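In what follows, a single structure is set out as structure tokens and then discussed.
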Amino acid sequence: MSAPFFLGKIIDVIYTNPSGDYVDSLTRLCAGLTCVFLCGAAANAIRVYLMQSSGQSIVNRLRTSLFSSILRQEVAFFDKTRTGELINRLSSDTALLGRSVTENLSDGLRAGAQASVGVGMMFFVSPSLATFVLSVVPPISILAVIYGRYLRKLSKATQDSLAQATQVLTSHVCVVWCGAQSNGQNAWCARTIRAFGKETMEVGKYTSQVDQLLQLAQKEAFARAGFFGAAGLSGNLIVLSVLYKGGLLMGSAHMTVGELSSFLMYAFWVGLSIGGLSSFYSELMKGLGAGGRLWELLERQPQLPFNEGIVLDEKSFQGALEFRNVHFTYPARPEVSVFQDFSLSIPSGSVTALVGPSGSGKSTVVSLLLRLYDPVSDIRFMEHQHYQEPVLFSCSVAENIAYGADNPSSVTAQEVERAAEVANAAEFIRSFPQGFGTMVGEKGILLSGGQKQRIAIARALLKNPKILLLDEATSALDAENEHLVQEALDRLMEGRTVLIIAHRLSTIKNANFIAVLDQGKISEHGTHEELLLKPNGLYRKLMNKQSFMSV
């Protein structure tokens, strides 16, 4: 900020000594100005480096904290929250807020410091001219406050609209798991879209969301154009005022040419700083708009306590399960009662089959056992491992199997291979070119249904649970794969408490105990033979229907 002052002195030296010897004075001033420039360049480089590195650190910490907060939320939160919104908060909002409080903040502080020092030097050079020139600042300040409030509101609406557009993309094209099913197997949404020829319709949906985003962007562009136009006009008026008033002061010998030049440069510098402050204020308001969305999620406390509750003694716990007078409704549908006074007892080491018509609450039993939800009343005690339609991660076969261990990083290759052998998976895994290092794709899309099932069984073997939950474990497989998977399941079930949700007669018949669920209550229970003796029983009707469908 001393550069304009020194430049003014240089002009005065030259102007006041047109024919004299001013070489020494000019050399000293230029040398001093060179040192100032070098120090300024070094300081600016350090500032940029520190802001860039600290900005990335802040964004990383924000994303880590946000991801941790998301994973701590109860499952009901994900039932009601759009996937696109969460993705947008993790990616766009964190980057926007990080940029606002680091690089943008640094630029804003620099512009503020330059404007303050510049104004001070303007008063130092000529108090009367500075007072005259700065009379234009208050109207611009009022305009900036109004603009900032509007932009903050507009930024929040833009981020919400972007989240909706992202939701359309993730729920229809990207890696989101659809509810669409074909032959009992989950299918990718993109494949479903292609199968039904709905590409044009989905493009129309996405275009509609993007158009809304464009409208908000146009509103922001209009507001920015008005604000920056007014700010630019004020800067030009400041320069014009300096020239007019400064010329008058020079005419009356109250200012020298060098002082006017210094004042002009300080005024120009202050004008640039005001422009920088305007940009800083705009970005800060956008960052605060994004930050408000982030704080909502960061400060949200899960309704279902995370990693809390009674820890059962592993040695004394044998694996018995009991539901006692349980009442339950899904948080997303509190008006619909799923269980009313529901009771079920499963002895340790037994194999219990849970059957019933669609919508009777079978999968809800599994969700409650996994404590994905809490019942409205009473409690049950258990320790469990869930095996359902397998969900594999986008990594190697070995990494997917090792995920079942308490500490996956400590699992050896021999342990992984041993688990795969027991699960009837080693043979087909070794047939892959990369063997256990083969990547399975998103959700295991590169594998067949039977292969995914057996890898999931190997993963469960490493977990070595006392309680095993099987939800439609073999219903989507052909005869050959069903035999291999069932053989692996039989090995996995040895010595464990097992709860099976199944429809196939072959699976149900092997159970020690069968519970028939109907409209949220256990209507019948007993062995397969005992239940078939009830002529009007629901179980017999279900079995007769299955036999008819098989024929």
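Each chain of the structure tokens is named A, B, ... in the order shown, its residues numbered from 1; ligands are numbered from 1 in display order.
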- Would you list the contacts of Ile58 (chain A) as a list of chain:residue names, taking every protein, DNA or RNA residue within 10 Å and counting only C-alpha atoms, but skipping same-chain residues closer than 3 positions in sequence? A:Gln52, A:Ser53, A:Ser54, A:Gly55, A:Arg61, A:Leu62, A:Arg63, A:Thr64, A:Thr94, A:Ala95, A:Leu97, A:Gly98, A:Arg99, A:Val101, A:Thr102
Would you mind listing what lies within 6 Å of region 484-497 of chain A as a PDB file with C-alpha atoms, in the first residue's frame, with only C-alpha atoms counted and same-chain residues fewer than 6 positions away left out?
ATOM      1  CA  GLY A 319     -28.513 -66.783  21.161  1.00  0.00           C
ATOM      2  CA  SER A 348     -31.233 -70.913  21.338  1.00  0.00           C
ATOM      3  CA  GLY A 349     -29.754 -73.136  18.617  1.00  0.00           C
ATOM      4  CA  SER A 350     -33.058 -73.720  16.858  1.00  0.00           C
ATOM      5  CA  ALA A 423     -19.348 -71.258   1.224  1.00  0.00           C
ATOM      6  CA  LYS A 466     -24.553 -66.714  17.141  1.00  0.00           C
ATOM      7  CA  ILE A 467     -27.783 -65.652  15.436  1.00  0.00           C
TER       8      ILE A 467
END
- Residues within 9 Å of Gly361 (chain A), only C-alpha atoms, excluding chain neighbours under 2 positions, as a ChimeraX atom specification: /A:338-339,356-359,363-365,517-521
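Close contacts of region 293-305 of chain A, defined as residues with an atom at most 8 Å away when counting only C-alpha atoms, with chain neighbours fewer than 3 positions off set aside, comprise A:Ser65, A:Leu66, A:Ser69, A:Ile70, A:Arg72, A:Gln73, A:Glu74, A:Arg89, A:Asp93, A:Thr94, A:Lys156, A:Gly289, A:Ala290, A:Glu308, A:Gly309, A:Tyr373, A:Asp374.
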Export, as a PDB file, in the first residue's frame, the selected residues with N, CA and C atoms.
ATOM      1  N   SER A  65     -16.862 -35.027   8.861  1.00  0.00           N
ATOM      2  CA  SER A  65     -17.850 -34.825   9.935  1.00  0.00           C
ATOM      3  C   SER A  65     -19.261 -35.040   9.420  1.00  0.00           C
ATOM      4  N   LEU A  66     -19.524 -34.557   8.199  1.00  0.00           N
ATOM      5  CA  LEU A  66     -20.865 -34.698   7.632  1.00  0.00           C
ATOM      6  C   LEU A  66     -21.176 -36.154   7.332  1.00  0.00           C
ATOM      7  N   SER A  69     -21.861 -37.878  10.532  1.00  0.00           N
ATOM      8  CA  SER A  69     -23.191 -37.518  11.033  1.00  0.00           C
ATOM      9  C   SER A  69     -24.286 -38.253  10.266  1.00  0.00           C
ATOM     10  N   ILE A  70     -24.112 -38.405   8.944  1.00  0.00           N
ATOM     11  CA  ILE A  70     -25.105 -39.121   8.133  1.00  0.00           C
ATOM     12  C   ILE A  70     -25.200 -40.579   8.562  1.00  0.00           C
ATOM     13  N   ARG A  72     -24.563 -41.866  11.387  1.00  0.00           N
ATOM     14  CA  ARG A  72     -25.102 -42.014  12.754  1.00  0.00           C
ATOM     15  C   ARG A  72     -26.618 -41.905  12.794  1.00  0.00           C
ATOM     16  N   GLN A  73     -27.217 -41.402  11.728  1.00  0.00           N
ATOM     17  CA  GLN A  73     -28.667 -41.198  11.745  1.00  0.00           C
ATOM     18  C   GLN A  73     -29.407 -42.528  11.704  1.00  0.00           C
ATOM     19  N   GLU A  74     -30.615 -42.511  12.243  1.00  0.00           N
ATOM     20  CA  GLU A  74     -31.439 -43.714  12.230  1.00  0.00           C
ATOM     21  C   GLU A  74     -31.932 -44.000  10.816  1.00  0.00           C
ATOM     22  N   ARG A  89     -25.067 -32.199  -0.473  1.00  0.00           N
ATOM     23  CA  ARG A  89     -24.488 -31.595   0.725  1.00  0.00           C
ATOM     24  C   ARG A  89     -23.041 -32.030   0.910  1.00  0.00           C
ATOM     25  N   ASP A  93     -22.152 -28.435  -1.310  1.00  0.00           N
ATOM     26  CA  ASP A  93     -22.262 -27.511  -0.173  1.00  0.00           C
ATOM     27  C   ASP A  93     -20.957 -27.389   0.598  1.00  0.00           C
ATOM     28  N   THR A  94     -20.284 -28.508   0.832  1.00  0.00           N
ATOM     29  CA  THR A  94     -19.028 -28.449   1.584  1.00  0.00           C
ATOM     30  C   THR A  94     -17.961 -27.674   0.813  1.00  0.00           C
ATOM     31  N   LYS A 156     -29.562 -20.439  -1.069  1.00  0.00           N
ATOM     32  CA  LYS A 156     -30.159 -21.609  -0.424  1.00  0.00           C
ATOM     33  C   LYS A 156     -31.163 -22.281  -1.368  1.00  0.00           C
ATOM     34  N   GLY A 289     -25.461 -19.529   2.956  1.00  0.00           N
ATOM     35  CA  GLY A 289     -26.669 -20.252   2.537  1.00  0.00           C
ATOM     36  C   GLY A 289     -26.430 -21.748   2.497  1.00  0.00           C
ATOM     37  N   ALA A 290     -25.255 -22.160   1.964  1.00  0.00           N
ATOM     38  CA  ALA A 290     -24.910 -23.591   1.951  1.00  0.00           C
ATOM     39  C   ALA A 290     -24.613 -24.087   3.353  1.00  0.00           C
ATOM     40  N   GLU A 308     -25.164 -47.354  21.120  1.00  0.00           N
ATOM     41  CA  GLU A 308     -25.513 -47.332  22.539  1.00  0.00           C
ATOM     42  C   GLU A 308     -26.457 -48.488  22.849  1.00  0.00           C
ATOM     43  N   GLY A 309     -26.700 -48.701  24.126  1.00  0.00           N
ATOM     44  CA  GLY A 309     -27.600 -49.763  24.555  1.00  0.00           C
ATOM     45  C   GLY A 309     -26.885 -50.779  25.424  1.00  0.00           C
ATOM     46  N   TYR A 373     -34.900 -50.090  13.412  1.00  0.00           N
ATOM     47  CA  TYR A 373     -35.940 -49.287  14.038  1.00  0.00           C
ATOM     48  C   TYR A 373     -36.105 -49.763  15.476  1.00  0.00           C
ATOM     49  N   ASP A 374     -36.667 -48.921  16.303  1.00  0.00           N
ATOM     50  CA  ASP A 374     -37.009 -49.307  17.668  1.00  0.00           C
ATOM     51  C   ASP A 374     -38.519 -49.473  17.782  1.00  0.00           C
TER      52      ASP A 374
END
- Task: Find the spatial neighbours of region 446-458 of chain A, counting only C-alpha atoms, within a cut-off of 7 Å - ignore same-chain residues fewer than 5 positions away - and output them as a PyMOL selection string.
- Result: chain A and resi 390+401+419-420+423-425+440-441+477+481+485
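Distances to Phe513 (chain A) were evaluated for A:Ala426, A:Ala267, A:Arg324, A:Ala353 using only C-alpha atoms, and the minimum falls at A:Ala353.
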- Please report, as a PyMOL selection string, each residue of region 348-513 of chain A to which DSSP assigns strand (DSSP E or B) when run on this structure's backbone. chain A and resi 351-355+377+385-387+396+439+467-471+497-501+513
- Item | Test item: residues at most 9 Å from region 122-139 of chain A, only C-alpha atoms, excluding those fewer than 3 positions along its chain, as a PyMOL selection string | chain A and resi 5+117-119+142-144+234+237-239+241-242+245-246+249+254-255+259-260+262-264+266-267
How would the residues just chosen look if you wrote them out with C-alpha atoms as a PDB file, in the first residue's frame?
ATOM      1  CA  PHE A   5       2.972   7.127  -1.950  1.00  0.00           C
ATOM      2  CA  VAL A 117      -5.231   1.647   4.477  1.00  0.00           C
ATOM      3  CA  GLY A 118      -6.106   3.301   1.176  1.00  0.00           C
ATOM      4  CA  VAL A 119      -8.729   5.492   2.803  1.00  0.00           C
ATOM      5  CA  ILE A 142     -26.934   0.172   1.978  1.00  0.00           C
ATOM      6  CA  LEU A 143     -27.243  -1.404  -1.463  1.00  0.00           C
ATOM      7  CA  ALA A 144     -24.718  -4.092  -0.478  1.00  0.00           C
ATOM      8  CA  SER A 234     -19.478   4.360  -7.908  1.00  0.00           C
ATOM      9  CA  LEU A 237     -17.623   8.497  -9.987  1.00  0.00           C
ATOM     10  CA  ILE A 238     -14.895   8.397  -7.347  1.00  0.00           C
ATOM     11  CA  VAL A 239     -12.174   8.771 -10.018  1.00  0.00           C
ATOM     12  CA  SER A 241     -14.585  13.313  -8.394  1.00  0.00           C
ATOM     13  CA  VAL A 242     -10.860  13.077  -7.680  1.00  0.00           C
ATOM     14  CA  LYS A 245     -11.788  18.320  -7.034  1.00  0.00           C
ATOM     15  CA  GLY A 246      -8.034  17.586  -7.321  1.00  0.00           C
ATOM     16  CA  LEU A 249      -6.947  22.068  -5.427  1.00  0.00           C
ATOM     17  CA  HIS A 254      -3.128  23.167  -2.248  1.00  0.00           C
ATOM     18  CA  MET A 255      -1.822  19.985  -3.926  1.00  0.00           C
ATOM     19  CA  GLU A 259       0.150  14.189  -4.336  1.00  0.00           C
ATOM     20  CA  LEU A 260      -2.696  14.171  -6.840  1.00  0.00           C
ATOM     21  CA  SER A 262      -0.769   9.345  -5.281  1.00  0.00           C
ATOM     22  CA  PHE A 263      -4.342  10.214  -4.355  1.00  0.00           C
ATOM     23  CA  LEU A 264      -5.616   9.000  -7.720  1.00  0.00           C
ATOM     24  CA  TYR A 266      -5.116   5.268  -3.769  1.00  0.00           C
ATOM     25  CA  ALA A 267      -8.618   6.098  -4.964  1.00  0.00           C
TER      26      ALA A 267
END
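For the pair CA of Asn325 (chain A) and CA of Ile500 (chain A), the interatomic distance is 21.2 Å.
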